[in-house]
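For reference, the structure is listed below as structure tokens.
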Amino acid sequence: MKYYSLNNYLRDTFGEKVYKLSLDAGFTCPNRDGTLDTRGCIFCSKGGSGDFAECSSLSITQQIEEGKERVSKKIKSGKYIAYFQAFTNTYAPVSVLRAKFYEAINHKDIVALSIATRPDCLGDEVLELLDELNRIKPIFVELGLQTIHEESAKYIRRGYTLDVYDKAVENLKKIGINIVVHIIIGLPNETKADMLETVDYVCKSSANGIKLQLLHVLRNTDLEKDYRDGKFNTLELEEYLDIIKSCVDIIPKNIVIHRLTGDGAKRDLVAPLWSANKKMVLNEINKLF
């Protein structure tokens, strides 16, 4: 086995195939509500990276049931992970978080929660709640790091420095939370060496898992304006495959690779257009390994 895939990890952990159901709990983000900024990260869609999540107007239970119905032909085990995906899912009063998370974790078909958030949105009360939940069912916390390079972080309007990530990882490890880190491959002005430095840093930071996300440009984002102004080019497929292979080569075999690419909603995709053909991309990645 060339790398430890999420599918293999879930089978090892839960004994059979498990499917993630993407949920939208109706939260916002400090990069959206004016706390840090109002524009969001430069690449972020109006859906807050939750473009494939269920509708936030539904209750968590209703979203889970609709998600189950949507994937019913793909999975027979009846085991699911509730994936709080859209925006920042620890950025709300703890009483609100508690109600949403408990509604999900108490669902009979949910075997774990996966909570996407920012390292700067993990205060003491939130950590206490995550610790509490983790004693009921496994909790994954997905941190949007994207890059370790401060110039890139400023450009994408990430809104926090690398030491904030380090502290978040330290705090989450103390309570035994499974940490998954998001990295963007292909950020403007980053070299392949820069991207590999980020991957290496994450692997040495006690993360349990890693998500490698292809930079894609979506309509109605500030990144689209820069792209159309010719300020950067997106990666070609061959370049991406070369970088992915090098990334996997340096990721230790005990770290779970949750994703080797990523795609935006086709209706909003500006570039790279080859990424819209997800089956082709996955086939090419599989050929590497």
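Scheme for the structure tokens: letters A, B, ... for chains in order shown; per-chain residue numbers from 1; ligand numbers from 1 in order shown.
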Identify all residues of range 51-135 of chain A in strand (DSSP E or B) (DSSP on the backbone) and supply them as a list in words.
-> Tyr80, Ile81, Ala82, Tyr83, Phe84, Ile110, Val111, Ala112, Leu113, Ser114, Ile115, Ala116 and Thr117 of chain A
If you run DSSP on the backbone, which residues of range 52-268 of chain A are helix (DSSP H, G or I), as an MDAnalysis selection string?
-> chainID A and resid 60:70 94:105 124:134 150:155 162:174 192:203 222:228 237:250 266:268
Counting only C-alpha atoms, what is within 10 Å of Ala193 in chain A, bar same-chain residues fewer than 5 positions away, as a ChimeraX atom specification?
-> /A:198-199,243,246
I need the chosen residues saved as a PDB file, in the first residue's frame, with N, CA, C and O atoms.
ATOM      1  N   THR A 198       5.091  22.766   3.481  1.00  0.00           N
ATOM      2  CA  THR A 198       3.839  22.780   4.242  1.00  0.00           C
ATOM      3  C   THR A 198       3.429  21.364   4.624  1.00  0.00           C
ATOM      4  O   THR A 198       3.063  21.095   5.778  1.00  0.00           O
ATOM      5  N   VAL A 199       3.487  20.447   3.669  1.00  0.00           N
ATOM      6  CA  VAL A 199       3.125  19.054   3.942  1.00  0.00           C
ATOM      7  C   VAL A 199       4.021  18.471   5.022  1.00  0.00           C
ATOM      8  O   VAL A 199       3.558  17.825   5.970  1.00  0.00           O
ATOM      9  N   ILE A 243       3.282  16.949  -8.229  1.00  0.00           N
ATOM     10  CA  ILE A 243       3.346  17.463  -6.861  1.00  0.00           C
ATOM     11  C   ILE A 243       2.709  16.480  -5.886  1.00  0.00           C
ATOM     12  O   ILE A 243       3.248  16.219  -4.802  1.00  0.00           O
ATOM     13  N   SER A 246       4.996  13.635  -5.076  1.00  0.00           N
ATOM     14  CA  SER A 246       6.059  14.051  -4.159  1.00  0.00           C
ATOM     15  C   SER A 246       5.527  14.234  -2.745  1.00  0.00           C
ATOM     16  O   SER A 246       6.225  13.932  -1.768  1.00  0.00           O
TER      17      SER A 246
END
Exercise: range 274-281 of chain A partners within 8 Å, only C-alpha atoms, chain neighbours under 3 positions left out, as a PyMOL selection string = chain A and resi 216+237+262-264+266+269+271+284-285
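Considering the residues A:Ala116, A:Ile156, A:Ile81, A:Ala207 and counting only C-alpha atoms, Ile177 in chain A has its shortest atom-to-atom contact with A:Ala207.
The closest residue to Glu236 in chain A, picked from A:Lys173, A:Gly159, A:Pro272, A:Lys68 and counting only C-alpha atoms, is A:Pro272.
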Nearest residue to Ser56 in chain A from the set A:Lys74, A:Leu36, A:Asp222, A:Ala86 (distances using only C-alpha atoms) | A:Ala86
Counting only C-alpha atoms, the residue of A:Leu260, A:Ile148, A:Val270, A:Ile175 that sits nearest Asn283 in chain A = A:Leu260
Find the residues around range 16-18 of chain A up to 6 Å (only C-alpha atoms counted), leave out those fewer than 4 positions away in its own chain, and share them as JSON, numbers by chain.
-> {"A": [11, 79, 80]}
List every residue of range 157-246 of chain A that has an atom at most 10 Å from any atom of range 110-115 of chain A, giving for each one its closest atom pair and the distance in Å to one decimal, counting only C-alpha atoms, sorted by chain and then by ascending residue number, as a tab-separated table.
residue	atom	partner	partner_atom	distance
A:Asn178	CA	A:Ser114	CA	9.2
A:Ile179	CA	A:Ser114	CA	9.6
A:Val180	CA	A:Ser114	CA	9.2
Counting only C-alpha atoms, what is within 12 Å of Lys211 in chain A, bar same-chain residues fewer than 3 positions away, as a ChimeraX atom specification?
-> /A:5-6,116,142-147,179-185,198-199,202-203,207-208,214,244,247-248,251,255-262
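Every protein, DNA or RNA residue with an atom at most 10 Å from Phe43 in chain A, where only C-alpha atoms count and chain neighbours fewer than 4 positions away do not, is listed here: A:Gly48, A:Ser49, A:Ile156, A:Arg157, A:Leu187, A:Leu215, A:His216, A:Val217, A:Leu218, A:Arg219, A:Asn220, A:Thr221, A:Asp222, A:Leu223, A:Glu224.
Take CA of Leu212 in chain A and CA of Glu65 in chain A: the distance between them is 28.8 Å.
In this structure, CA of Lys253 in chain A sits 5.9 Å away from CA of Tyr4 in chain A.
Distances from A:Tyr160, A:Phe27, A:Tyr19, A:Phe289 to Lys100 in chain A were compared using only C-alpha atoms, and the smallest one belongs to A:Phe27.
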Which one of A:Leu282, A:Val164, A:Ile75, A:Ala92 sits closest to Leu241 in chain A if you count only C-alpha atoms?
-> A:Leu282
Find the distance between CA of Glu132 in chain A and CA of Pro30 in chain A and write it in Å to one decimal.
-> 24.7 Å
